[in-house]
Amino acid sequence: MAQASILVVDDASAVRENLSELLTEEGYEVDISADGTAALQLLQERAYDLVLTDLSMPGVDGMGVLSYLVNHFPETGCIIITGYGTIQNAVNAMRLGAYDYLCKPVESQELLVVVARALEHQRLRQENILLKKQLRKKFGFDNIIGASEPMCQVFDIIRKVADTDSTVLILGESGTGKELVARAIHYNGYRRGNPLIPVNCGAIPEDLLESELFGHERGAFTHAIRTRIGRFEQAHGGTIFLDEIGDMSPNLQVKILRVLQDHQFERIGGNKTLKVNIRVIAATNRDLQELVQNGRFREDLFYRLNVIPIRIPPLRERRADIPILVDHFIQDFSKKKKKPTPRLTPAAMSRLESYAWPGNVRELENLMERMVILSESEVIDVKDLPERFQLTSQETLRFNLEIPAGGLPLQKIVSDFERQLIIKALDQAGWVKNQAAQLLHLNRTTLVEKIKKQKITRASN
Ligand SMILES: Nc1ncnc2c1ncn2[C@@H]1O[C@H](COP(=O)(O)OP(=O)(O)OP(=O)(O)O)[C@@H](O)[C@H]1O
Ligand SMILES: [Mg+2]
């Protein structure tokens, strides 16, 4: 691996020299800078893997250096060096995106450990970003964000079926991305040069839907003043996307079945049989099997559609996708609205990660748009999130109480939850244990015991 490059920024020359010497001896490539302004200059000239910066400096201070890094070079890590008097500022710096902080006088062993960990963290992050870019390029699903196991399976099926003519049935709750998946299938298949024609079977009244799908001849009914080409004809050579298929009337279900079987139909009022070359993709947020059992959906049509089912899991079943979706939408909306890109604090992100998302990705997308438009600072914290993310202690207990089919390890979850609350309280109290204990309605000794048991250290926050 290439030598990691580190920039040390401190107005105290003794600290600067001492750190530089230590890090150089360890094999890092080190540059030094006596103030923030000079540091920004250097940062523009070359890329660093890591910046170690003092907090209080004349001119551009450590916070200035950090926010410059976060906004311009997010791939560069940052560690804050601080005196004991400014620990609260260091905590704020971590909220803004610093990896960690070190207290003066900096202890050599601790420095080397924290630096090595920060570099490893940065390396994994860079690798992750690169990998995601490569994956998306390779499979061409540029606009479908997801890295969770269930979404990788979805990508896998898309890749396998895109270039075939097989009928695909996309199942998933509202807002999970069914339409996006339908588009990915069409545009990654050989029919991509021909149209993808969507029909929303739920939104169009039955009598209109029939002529919408099959077209009509002039004079077929009172208002048919001219011949109309239906969606099936428009899709010739391409794909028809039958969205909300579960809402289609029984009468139309029969007619559709015939087109699916032999690709033939007549326009309403016409006697010429038309033959089309189409691929069919259908989607629904309803439970089709249940509709079949209740006699509301034809069984033969169900089997005809259910050749390749793709189930898109709700967002709450793939929480690993939440942070990357958040990043994606925040960046996207900031660019579109020409606003600076705000950052979420870890606490705010953790609220988003544990929320149930009944509206799935659409709900998250709308929330991020709102956050970008309304946010007045660079940082979005829990208090900036809407009401439903603000939990009082009682709500916390009700919060996201879902037991998955496979069960869950109660003790581990309770212990993780306790750990999160303790870290949160310490963070809020600037790591003053007395204050943190008060926030948690504990006495100090109990809190200290819990901190020890949970092996919580400042660096683990
Ligand atoms: N994995 C994803 N990556 C990026 N954007 C997504 C993803 N999934 C959904 N979206 C976005 O969320 C919104 C809802 O997606 P889409 O319309 O495809 O959902 P749907 O399942 O068809 O919902 P409905 O059942 O309500 O029609 C869209 O704006 C879409 O771009
Ligand atoms: Mg849809």
# chains A, B, ... in the order shown; residues from 1 in each chain; ligands from 1
$ residues_around --residues "Val9 in chain A" --least-positions-apart "6" --cutoff "10 Å" --atoms "only C-alpha atoms" --output "PDB file with N, CA and C atoms, in the first residue's frame"
ATOM      1  N   VAL A  15       4.245  21.552  19.103  1.00  0.00           N
ATOM      2  CA  VAL A  15       3.279  20.471  18.884  1.00  0.00           C
ATOM      3  C   VAL A  15       3.418  19.945  17.457  1.00  0.00           C
ATOM      4  N   ARG A  16       3.456  20.912  16.522  1.00  0.00           N
ATOM      5  CA  ARG A  16       3.564  20.602  15.094  1.00  0.00           C
ATOM      6  C   ARG A  16       4.767  19.689  14.825  1.00  0.00           C
ATOM      7  N   LEU A  19       4.534  16.141  16.530  1.00  0.00           N
ATOM      8  CA  LEU A  19       3.630  15.223  15.836  1.00  0.00           C
ATOM      9  C   LEU A  19       4.231  14.771  14.520  1.00  0.00           C
ATOM     10  N   SER A  20       4.804  15.727  13.814  1.00  0.00           N
ATOM     11  CA  SER A  20       5.375  15.434  12.500  1.00  0.00           C
ATOM     12  C   SER A  20       6.479  14.382  12.639  1.00  0.00           C
ATOM     13  N   ASP A  31       3.157  16.519   6.037  1.00  0.00           N
ATOM     14  CA  ASP A  31       3.369  17.941   5.780  1.00  0.00           C
ATOM     15  C   ASP A  31       2.861  18.691   6.994  1.00  0.00           C
ATOM     16  N   ILE A  32       3.418  19.888   7.213  1.00  0.00           N
ATOM     17  CA  ILE A  32       2.928  20.657   8.357  1.00  0.00           C
ATOM     18  C   ILE A  32       2.478  22.034   7.897  1.00  0.00           C
ATOM     19  N   SER A  33       1.626  22.617   8.714  1.00  0.00           N
ATOM     20  CA  SER A  33       1.108  23.916   8.360  1.00  0.00           C
ATOM     21  C   SER A  33       0.842  24.663   9.661  1.00  0.00           C
ATOM     22  N   ALA A  34       1.214  25.982   9.702  1.00  0.00           N
ATOM     23  CA  ALA A  34       1.165  26.722  10.962  1.00  0.00           C
ATOM     24  C   ALA A  34      -0.179  27.369  11.226  1.00  0.00           C
ATOM     25  N   ASP A  35      -1.044  27.409  10.226  1.00  0.00           N
ATOM     26  CA  ASP A  35      -2.395  27.932  10.483  1.00  0.00           C
ATOM     27  C   ASP A  35      -3.392  27.394   9.461  1.00  0.00           C
ATOM     28  N   GLY A  36      -4.653  27.700   9.698  1.00  0.00           N
ATOM     29  CA  GLY A  36      -5.729  27.172   8.867  1.00  0.00           C
ATOM     30  C   GLY A  36      -5.661  27.653   7.425  1.00  0.00           C
ATOM     31  N   THR A  37      -5.332  28.936   7.266  1.00  0.00           N
ATOM     32  CA  THR A  37      -5.311  29.497   5.911  1.00  0.00           C
ATOM     33  C   THR A  37      -4.279  28.772   5.056  1.00  0.00           C
ATOM     34  N   ALA A  38      -3.083  28.572   5.630  1.00  0.00           N
ATOM     35  CA  ALA A  38      -2.027  27.872   4.883  1.00  0.00           C
ATOM     36  C   ALA A  38      -2.456  26.428   4.613  1.00  0.00           C
ATOM     37  N   ALA A  39      -3.192  25.846   5.569  1.00  0.00           N
ATOM     38  CA  ALA A  39      -3.638  24.461   5.401  1.00  0.00           C
ATOM     39  C   ALA A  39      -4.587  24.343   4.204  1.00  0.00           C
ATOM     40  N   VAL A  51      -6.046  14.632   7.918  1.00  0.00           N
ATOM     41  CA  VAL A  51      -5.591  15.921   8.447  1.00  0.00           C
ATOM     42  C   VAL A  51      -5.736  15.888   9.959  1.00  0.00           C
ATOM     43  N   LEU A  52      -4.662  16.290  10.664  1.00  0.00           N
ATOM     44  CA  LEU A  52      -4.733  16.449  12.122  1.00  0.00           C
ATOM     45  C   LEU A  52      -4.718  17.936  12.376  1.00  0.00           C
ATOM     46  N   THR A  53      -5.762  18.474  12.970  1.00  0.00           N
ATOM     47  CA  THR A  53      -5.755  19.920  13.150  1.00  0.00           C
ATOM     48  C   THR A  53      -6.082  20.358  14.568  1.00  0.00           C
ATOM     49  N   ASP A  54      -5.365  21.397  14.977  1.00  0.00           N
ATOM     50  CA  ASP A  54      -5.641  22.046  16.250  1.00  0.00           C
ATOM     51  C   ASP A  54      -6.987  22.763  16.109  1.00  0.00           C
ATOM     52  N   LEU A  55      -7.672  22.992  17.234  1.00  0.00           N
ATOM     53  CA  LEU A  55      -8.978  23.671  17.109  1.00  0.00           C
ATOM     54  C   LEU A  55      -8.828  25.184  17.095  1.00  0.00           C
ATOM     55  N   MET A  57      -7.004  28.411  16.502  1.00  0.00           N
ATOM     56  CA  MET A  57      -5.866  29.000  15.793  1.00  0.00           C
ATOM     57  C   MET A  57      -6.353  30.347  15.288  1.00  0.00           C
ATOM     58  N   ASP A  61      -9.822  28.624  11.793  1.00  0.00           N
ATOM     59  CA  ASP A  61      -9.523  27.716  12.898  1.00  0.00           C
ATOM     60  C   ASP A  61      -9.790  26.253  12.508  1.00  0.00           C
ATOM     61  N   GLY A  62      -9.666  25.356  13.479  1.00  0.00           N
ATOM     62  CA  GLY A  62      -9.815  23.924  13.195  1.00  0.00           C
ATOM     63  C   GLY A  62     -11.180  23.583  12.627  1.00  0.00           C
ATOM     64  N   VAL A  65     -11.150  24.411   9.006  1.00  0.00           N
ATOM     65  CA  VAL A  65     -10.431  23.408   8.215  1.00  0.00           C
ATOM     66  C   VAL A  65     -11.343  22.187   8.022  1.00  0.00           C
ATOM     67  N   ILE A  80      -9.219  15.931  15.316  1.00  0.00           N
ATOM     68  CA  ILE A  80      -9.080  17.224  15.989  1.00  0.00           C
ATOM     69  C   ILE A  80      -8.113  17.069  17.174  1.00  0.00           C
ATOM     70  N   ILE A  81      -7.240  18.080  17.340  1.00  0.00           N
ATOM     71  CA  ILE A  81      -6.370  18.085  18.523  1.00  0.00           C
ATOM     72  C   ILE A  81      -6.851  19.233  19.391  1.00  0.00           C
TER      73      ILE A  81
END
$ residues_near_ligand --ligand "ligand 1" --cutoff "7 Å" --atoms "only C-alpha atoms and all ligand atoms" --output "number ranges by chain"
A: 143-146, 172-181, 284-285, 325, 361-362, 365
$ closest_residue --among "A:Asn360, A:Gln109, A:Gln435, A:Ser350" --to "ligand 2" --atoms "only C-alpha atoms and all ligand atoms"
A:Asn360
$ select_by_dssp --residues "range 167-356 of chain A" --states "strand (DSSP E or B)" --output "VMD selection string"
chain A and resid 168 to 171 196 to 200 215 to 216 228 to 229 239 to 243 264 to 266 268 273 to 275 279 to 284 308 to 311 343 to 344
$ select_by_dssp --residues "range 160-396 of chain A" --states "helix (DSSP H, G or I)" --output "short mmCIF file (atom, residue, chain, number, x, y, z; two decimals) with C-alpha atoms, in the first residue's frame"
data_model
loop_
_atom_site.label_atom_id
_atom_site.label_comp_id
_atom_site.auth_asym_id
_atom_site.auth_seq_id
_atom_site.Cartn_x
_atom_site.Cartn_y
_atom_site.Cartn_z
CA LYS A 160 -30.65 -12.25 -15.39
CA VAL A 161 -34.08 -11.43 -16.83
CA LYS A 178 -41.42 -1.18 -8.36
CA GLU A 179 -41.57 1.25 -11.25
CA LEU A 180 -37.84 1.86 -11.01
CA VAL A 181 -37.20 -1.88 -11.27
CA ALA A 182 -39.58 -2.18 -14.26
CA ARG A 183 -37.62 0.56 -16.02
CA ALA A 184 -34.28 -1.04 -15.21
CA ILE A 185 -35.47 -4.30 -16.75
CA HIS A 186 -36.66 -2.64 -19.93
CA TYR A 187 -33.64 -0.38 -20.39
CA TYR A 190 -32.56 -5.70 -26.05
CA ARG A 191 -35.91 -3.90 -26.39
CA ARG A 192 -34.45 -0.71 -24.93
CA GLY A 193 -34.56 1.08 -28.30
CA GLU A 206 -62.83 0.34 -16.24
CA ASP A 207 -64.68 1.53 -19.36
CA LEU A 208 -61.85 3.90 -20.28
CA LEU A 209 -59.15 1.37 -19.48
CA GLU A 210 -60.37 -1.04 -22.10
CA SER A 211 -60.06 1.48 -24.91
CA GLU A 212 -56.83 2.76 -23.36
CA LEU A 213 -55.33 -0.73 -23.63
CA PHE A 214 -56.80 -2.03 -26.88
CA ARG A 231 -51.27 0.94 -25.37
CA PHE A 232 -50.64 -2.62 -26.51
CA GLU A 233 -50.14 -1.40 -30.06
CA GLN A 234 -47.95 1.48 -28.90
CA ILE A 245 -52.49 -4.99 -11.88
CA GLY A 246 -54.20 -6.18 -8.69
CA ASP A 247 -56.77 -3.41 -9.08
CA PRO A 250 -62.50 -9.18 -13.54
CA ASN A 251 -63.89 -8.28 -16.94
CA LEU A 252 -60.61 -6.77 -18.11
CA GLN A 253 -58.63 -9.58 -16.54
CA VAL A 254 -60.16 -11.98 -19.08
CA LYS A 255 -59.28 -9.72 -21.98
CA ILE A 256 -55.72 -9.18 -20.81
CA LEU A 257 -55.25 -12.91 -20.38
CA ARG A 258 -55.88 -13.44 -24.05
CA VAL A 259 -53.25 -10.85 -25.07
CA LEU A 260 -50.75 -12.41 -22.72
CA GLN A 261 -51.42 -15.87 -24.12
CA ASP A 262 -51.25 -15.26 -27.83
CA LEU A 288 -52.23 -11.34 -5.46
CA GLN A 289 -52.36 -14.82 -3.98
CA GLU A 290 -54.84 -13.65 -1.40
CA LEU A 291 -56.91 -11.94 -4.12
CA VAL A 292 -56.90 -15.23 -6.02
CA GLN A 293 -58.13 -17.06 -2.93
CA GLU A 299 -55.94 -17.74 -11.04
CA ASP A 300 -55.01 -18.38 -14.68
CA LEU A 301 -53.96 -14.74 -15.09
CA PHE A 302 -51.94 -14.92 -11.89
CA TYR A 303 -49.95 -17.92 -13.18
CA ARG A 304 -49.51 -16.27 -16.55
CA LEU A 305 -48.00 -13.18 -14.88
CA LEU A 315 -37.34 -0.50 3.52
CA ARG A 316 -37.68 -1.66 7.15
CA GLU A 317 -36.46 -5.09 6.03
CA ASP A 321 -29.86 0.77 2.56
CA ILE A 322 -31.11 3.71 4.62
CA PRO A 323 -27.81 5.63 5.03
CA ILE A 324 -26.88 5.31 1.36
CA LEU A 325 -30.35 6.34 0.23
CA VAL A 326 -30.17 9.33 2.60
CA ASP A 327 -26.78 10.34 1.14
CA HIS A 328 -28.02 9.86 -2.38
CA PHE A 329 -31.17 11.96 -1.98
CA ILE A 330 -29.47 14.71 0.03
CA GLN A 331 -26.81 15.13 -2.61
CA ASP A 332 -29.30 14.91 -5.41
CA PHE A 333 -31.68 17.51 -3.97
CA SER A 334 -28.86 19.86 -2.92
CA LYS A 335 -27.59 19.83 -6.47
CA LYS A 336 -31.06 20.34 -7.94
CA LYS A 337 -31.99 23.12 -5.50
CA PRO A 346 -25.05 10.24 13.81
CA ALA A 347 -27.99 10.59 16.22
CA ALA A 348 -30.30 11.87 13.48
CA MET A 349 -29.16 9.11 11.14
CA SER A 350 -29.82 6.52 13.80
CA ARG A 351 -33.41 7.79 14.16
CA LEU A 352 -33.87 7.40 10.41
CA GLU A 353 -32.34 3.93 10.53
CA SER A 354 -34.71 2.69 13.17
CA ASN A 360 -40.81 3.20 2.08
CA VAL A 361 -38.27 4.89 -0.22
CA ARG A 362 -40.81 7.45 -1.44
CA GLU A 363 -41.32 8.66 2.15
CA LEU A 364 -37.56 8.88 2.67
CA GLU A 365 -37.10 10.71 -0.63
CA ASN A 366 -39.78 13.27 0.27
CA LEU A 367 -38.29 13.77 3.73
CA MET A 368 -34.84 14.44 2.31
CA GLU A 369 -36.25 16.98 -0.14
CA ARG A 370 -37.92 18.73 2.75
CA MET A 371 -34.74 18.62 4.84
CA VAL A 372 -32.64 20.13 2.06
CA ILE A 373 -35.16 22.92 1.44
CA LEU A 374 -35.77 23.77 5.09
CA VAL A 382 -32.64 15.02 15.64
CA LYS A 383 -34.47 18.23 16.56
CA ASP A 384 -34.58 19.25 12.87
CA GLU A 387 -42.44 15.21 14.74
CA ARG A 388 -42.61 11.47 14.07
CA PHE A 389 -38.87 11.14 14.68
CA SER A 393 -39.24 8.22 26.61
CA GLN A 394 -42.61 6.47 26.51
CA GLU A 395 -42.75 6.48 22.77
CA THR A 396 -39.24 5.12 22.71
#
$ atom_distance --atom1 "CA of Ile310 in chain A" --atom2 "CA of Glu127 in chain A"
29.5 Å
$ closest_residue --among "A:Gly270, A:Gly202, A:Pro195, A:Pro313" --to "ligand 2" --atoms "only C-alpha atoms and all ligand atoms"
A:Gly202
$ closest_residue --among "A:Gly295, A:Gly407, A:Pro358, A:Pro198" --to "ligand 2" --atoms "only C-alpha atoms and all ligand atoms"
A:Pro198
$ closest_residue --among "A:Ile422, A:Ile170, A:Ile79, A:Leu42" --to "ligand 2" --atoms "only C-alpha atoms and all ligand atoms"
A:Ile170
$ atom_distance --atom1 "CA of Asn306 in chain A" --atom2 "CA of Ala283 in chain A"
10.3 Å
$ closest_residue --among "A:Asn271, A:Gln390, A:Asn200, A:Asn294" --to "ligand 2" --atoms "only C-alpha atoms and all ligand atoms"
A:Asn200
$ decode --residues "range 145-189 of chain A" --atoms "N, CA and C atoms" --output "PDB file, in the first residue's frame"
ATOM      1  N   ILE A 145     -30.630   2.725  -5.883  1.00  0.00           N
ATOM      2  CA  ILE A 145     -29.616   2.693  -4.832  1.00  0.00           C
ATOM      3  C   ILE A 145     -29.937   1.532  -3.903  1.00  0.00           C
ATOM      4  N   GLY A 146     -28.914   0.786  -3.524  1.00  0.00           N
ATOM      5  CA  GLY A 146     -29.141  -0.306  -2.586  1.00  0.00           C
ATOM      6  C   GLY A 146     -27.912  -1.182  -2.513  1.00  0.00           C
ATOM      7  N   ALA A 147     -27.538  -1.580  -1.307  1.00  0.00           N
ATOM      8  CA  ALA A 147     -26.376  -2.447  -1.161  1.00  0.00           C
ATOM      9  C   ALA A 147     -26.706  -3.564  -0.185  1.00  0.00           C
ATOM     10  N   SER A 148     -27.935  -3.567   0.332  1.00  0.00           N
ATOM     11  CA  SER A 148     -28.318  -4.600   1.293  1.00  0.00           C
ATOM     12  C   SER A 148     -28.428  -5.931   0.559  1.00  0.00           C
ATOM     13  N   GLU A 149     -28.364  -6.989   1.332  1.00  0.00           N
ATOM     14  CA  GLU A 149     -28.448  -8.329   0.751  1.00  0.00           C
ATOM     15  C   GLU A 149     -29.724  -8.503  -0.095  1.00  0.00           C
ATOM     16  N   PRO A 150     -30.907  -8.138   0.440  1.00  0.00           N
ATOM     17  CA  PRO A 150     -32.117  -8.326  -0.379  1.00  0.00           C
ATOM     18  C   PRO A 150     -32.091  -7.524  -1.682  1.00  0.00           C
ATOM     19  N   MET A 151     -31.501  -6.319  -1.648  1.00  0.00           N
ATOM     20  CA  MET A 151     -31.470  -5.539  -2.886  1.00  0.00           C
ATOM     21  C   MET A 151     -30.463  -6.130  -3.865  1.00  0.00           C
ATOM     22  N   CYS A 152     -29.367  -6.694  -3.343  1.00  0.00           N
ATOM     23  CA  CYS A 152     -28.403  -7.343  -4.254  1.00  0.00           C
ATOM     24  C   CYS A 152     -29.084  -8.496  -4.968  1.00  0.00           C
ATOM     25  N   GLN A 153     -29.969  -9.190  -4.252  1.00  0.00           N
ATOM     26  CA  GLN A 153     -30.701 -10.289  -4.903  1.00  0.00           C
ATOM     27  C   GLN A 153     -31.616  -9.746  -5.995  1.00  0.00           C
ATOM     28  N   VAL A 154     -32.258  -8.602  -5.707  1.00  0.00           N
ATOM     29  CA  VAL A 154     -33.117  -7.987  -6.720  1.00  0.00           C
ATOM     30  C   VAL A 154     -32.280  -7.624  -7.959  1.00  0.00           C
ATOM     31  N   PHE A 155     -31.109  -7.015  -7.724  1.00  0.00           N
ATOM     32  CA  PHE A 155     -30.236  -6.646  -8.857  1.00  0.00           C
ATOM     33  C   PHE A 155     -29.852  -7.885  -9.666  1.00  0.00           C
ATOM     34  N   ASP A 156     -29.610  -8.942  -8.942  1.00  0.00           N
ATOM     35  CA  ASP A 156     -29.198 -10.180  -9.573  1.00  0.00           C
ATOM     36  C   ASP A 156     -30.283 -10.692 -10.538  1.00  0.00           C
ATOM     37  N   ILE A 157     -31.527 -10.658 -10.057  1.00  0.00           N
ATOM     38  CA  ILE A 157     -32.618 -11.131 -10.924  1.00  0.00           C
ATOM     39  C   ILE A 157     -32.781 -10.188 -12.122  1.00  0.00           C
ATOM     40  N   ILE A 158     -32.706  -8.878 -11.851  1.00  0.00           N
ATOM     41  CA  ILE A 158     -32.863  -7.925 -12.961  1.00  0.00           C
ATOM     42  C   ILE A 158     -31.845  -8.241 -14.051  1.00  0.00           C
ATOM     43  N   ARG A 159     -30.606  -8.460 -13.595  1.00  0.00           N
ATOM     44  CA  ARG A 159     -29.532  -8.739 -14.554  1.00  0.00           C
ATOM     45  C   ARG A 159     -29.847  -9.986 -15.366  1.00  0.00           C
ATOM     46  N   LYS A 160     -30.398 -10.982 -14.695  1.00  0.00           N
ATOM     47  CA  LYS A 160     -30.650 -12.251 -15.391  1.00  0.00           C
ATOM     48  C   LYS A 160     -31.834 -12.149 -16.357  1.00  0.00           C
ATOM     49  N   VAL A 161     -32.877 -11.403 -15.981  1.00  0.00           N
ATOM     50  CA  VAL A 161     -34.080 -11.426 -16.828  1.00  0.00           C
ATOM     51  C   VAL A 161     -34.144 -10.301 -17.846  1.00  0.00           C
ATOM     52  N   ALA A 162     -33.330  -9.242 -17.642  1.00  0.00           N
ATOM     53  CA  ALA A 162     -33.491  -8.046 -18.480  1.00  0.00           C
ATOM     54  C   ALA A 162     -33.475  -8.392 -19.976  1.00  0.00           C
ATOM     55  N   ASP A 163     -32.523  -9.196 -20.369  1.00  0.00           N
ATOM     56  CA  ASP A 163     -32.345  -9.431 -21.801  1.00  0.00           C
ATOM     57  C   ASP A 163     -33.178 -10.599 -22.330  1.00  0.00           C
ATOM     58  N   THR A 164     -34.225 -10.967 -21.629  1.00  0.00           N
ATOM     59  CA  THR A 164     -35.095 -12.048 -22.103  1.00  0.00           C
ATOM     60  C   THR A 164     -36.483 -11.457 -22.369  1.00  0.00           C
ATOM     61  N   ASP A 165     -37.403 -12.322 -22.803  1.00  0.00           N
ATOM     62  CA  ASP A 165     -38.778 -11.853 -23.021  1.00  0.00           C
ATOM     63  C   ASP A 165     -39.708 -12.320 -21.906  1.00  0.00           C
ATOM     64  N   SER A 166     -39.160 -12.927 -20.874  1.00  0.00           N
ATOM     65  CA  SER A 166     -40.007 -13.490 -19.822  1.00  0.00           C
ATOM     66  C   SER A 166     -40.882 -12.427 -19.165  1.00  0.00           C
ATOM     67  N   THR A 167     -42.089 -12.826 -18.843  1.00  0.00           N
ATOM     68  CA  THR A 167     -42.995 -11.938 -18.112  1.00  0.00           C
ATOM     69  C   THR A 167     -42.514 -11.824 -16.667  1.00  0.00           C
ATOM     70  N   VAL A 168     -42.501 -10.595 -16.175  1.00  0.00           N
ATOM     71  CA  VAL A 168     -42.009 -10.355 -14.818  1.00  0.00           C
ATOM     72  C   VAL A 168     -43.140  -9.765 -13.975  1.00  0.00           C
ATOM     73  N   LEU A 169     -43.275 -10.263 -12.763  1.00  0.00           N
ATOM     74  CA  LEU A 169     -44.276  -9.713 -11.839  1.00  0.00           C
ATOM     75  C   LEU A 169     -43.541  -9.098 -10.656  1.00  0.00           C
ATOM     76  N   ILE A 170     -43.653  -7.782 -10.509  1.00  0.00           N
ATOM     77  CA  ILE A 170     -42.940  -7.089  -9.431  1.00  0.00           C
ATOM     78  C   ILE A 170     -43.891  -6.848  -8.263  1.00  0.00           C
ATOM     79  N   LEU A 171     -43.510  -7.357  -7.105  1.00  0.00           N
ATOM     80  CA  LEU A 171     -44.374  -7.258  -5.928  1.00  0.00           C
ATOM     81  C   LEU A 171     -43.689  -6.424  -4.860  1.00  0.00           C
ATOM     82  N   GLY A 172     -44.439  -5.575  -4.209  1.00  0.00           N
ATOM     83  CA  GLY A 172     -43.835  -4.793  -3.130  1.00  0.00           C
ATOM     84  C   GLY A 172     -44.785  -3.717  -2.662  1.00  0.00           C
ATOM     85  N   GLU A 173     -44.583  -3.287  -1.420  1.00  0.00           N
ATOM     86  CA  GLU A 173     -45.429  -2.235  -0.858  1.00  0.00           C
ATOM     87  C   GLU A 173     -45.271  -0.953  -1.666  1.00  0.00           C
ATOM     88  N   SER A 174     -46.178  -0.041  -1.448  1.00  0.00           N
ATOM     89  CA  SER A 174     -46.123   1.242  -2.126  1.00  0.00           C
ATOM     90  C   SER A 174     -44.824   1.975  -1.780  1.00  0.00           C
ATOM     91  N   GLY A 175     -44.177   2.528  -2.823  1.00  0.00           N
ATOM     92  CA  GLY A 175     -42.979   3.324  -2.602  1.00  0.00           C
ATOM     93  C   GLY A 175     -41.694   2.532  -2.475  1.00  0.00           C
ATOM     94  N   THR A 176     -41.730   1.228  -2.778  1.00  0.00           N
ATOM     95  CA  THR A 176     -40.501   0.434  -2.633  1.00  0.00           C
ATOM     96  C   THR A 176     -39.620   0.502  -3.878  1.00  0.00           C
ATOM     97  N   GLY A 177     -40.156   1.017  -4.980  1.00  0.00           N
ATOM     98  CA  GLY A 177     -39.337   1.150  -6.181  1.00  0.00           C
ATOM     99  C   GLY A 177     -39.724   0.195  -7.297  1.00  0.00           C
ATOM    100  N   LYS A 178     -40.991  -0.202  -7.342  1.00  0.00           N
ATOM    101  CA  LYS A 178     -41.416  -1.175  -8.363  1.00  0.00           C
ATOM    102  C   LYS A 178     -41.264  -0.609  -9.771  1.00  0.00           C
ATOM    103  N   GLU A 179     -41.656   0.656  -9.918  1.00  0.00           N
ATOM    104  CA  GLU A 179     -41.569   1.249 -11.246  1.00  0.00           C
ATOM    105  C   GLU A 179     -40.111   1.382 -11.687  1.00  0.00           C
ATOM    106  N   LEU A 180     -39.269   1.727 -10.731  1.00  0.00           N
ATOM    107  CA  LEU A 180     -37.841   1.859 -11.013  1.00  0.00           C
ATOM    108  C   LEU A 180     -37.268   0.536 -11.529  1.00  0.00           C
ATOM    109  N   VAL A 181     -37.684  -0.551 -10.882  1.00  0.00           N
ATOM    110  CA  VAL A 181     -37.199  -1.876 -11.274  1.00  0.00           C
ATOM    111  C   VAL A 181     -37.732  -2.231 -12.671  1.00  0.00           C
ATOM    112  N   ALA A 182     -39.002  -1.897 -12.930  1.00  0.00           N
ATOM    113  CA  ALA A 182     -39.576  -2.175 -14.255  1.00  0.00           C
ATOM    114  C   ALA A 182     -38.762  -1.458 -15.329  1.00  0.00           C
ATOM    115  N   ARG A 183     -38.405  -0.208 -15.040  1.00  0.00           N
ATOM    116  CA  ARG A 183     -37.616   0.560 -16.015  1.00  0.00           C
ATOM    117  C   ARG A 183     -36.242  -0.048 -16.215  1.00  0.00           C
ATOM    118  N   ALA A 184     -35.620  -0.450 -15.098  1.00  0.00           N
ATOM    119  CA  ALA A 184     -34.276  -1.038 -15.205  1.00  0.00           C
ATOM    120  C   ALA A 184     -34.325  -2.283 -16.088  1.00  0.00           C
ATOM    121  N   ILE A 185     -35.373  -3.080 -15.945  1.00  0.00           N
ATOM    122  CA  ILE A 185     -35.470  -4.301 -16.746  1.00  0.00           C
ATOM    123  C   ILE A 185     -35.588  -3.944 -18.232  1.00  0.00           C
ATOM    124  N   HIS A 186     -36.483  -3.008 -18.524  1.00  0.00           N
ATOM    125  CA  HIS A 186     -36.663  -2.642 -19.932  1.00  0.00           C
ATOM    126  C   HIS A 186     -35.378  -2.040 -20.517  1.00  0.00           C
ATOM    127  N   TYR A 187     -34.786  -1.088 -19.814  1.00  0.00           N
ATOM    128  CA  TYR A 187     -33.640  -0.377 -20.392  1.00  0.00           C
ATOM    129  C   TYR A 187     -32.339  -1.168 -20.366  1.00  0.00           C
ATOM    130  N   ASN A 188     -32.348  -2.319 -19.715  1.00  0.00           N
ATOM    131  CA  ASN A 188     -31.157  -3.156 -19.762  1.00  0.00           C
ATOM    132  C   ASN A 188     -31.365  -4.351 -20.679  1.00  0.00           C
ATOM    133  N   GLY A 189     -32.494  -4.397 -21.391  1.00  0.00           N
ATOM    134  CA  GLY A 189     -32.770  -5.506 -22.289  1.00  0.00           C
ATOM    135  C   GLY A 189     -32.647  -5.070 -23.742  1.00  0.00           C
TER     136      GLY A 189
END
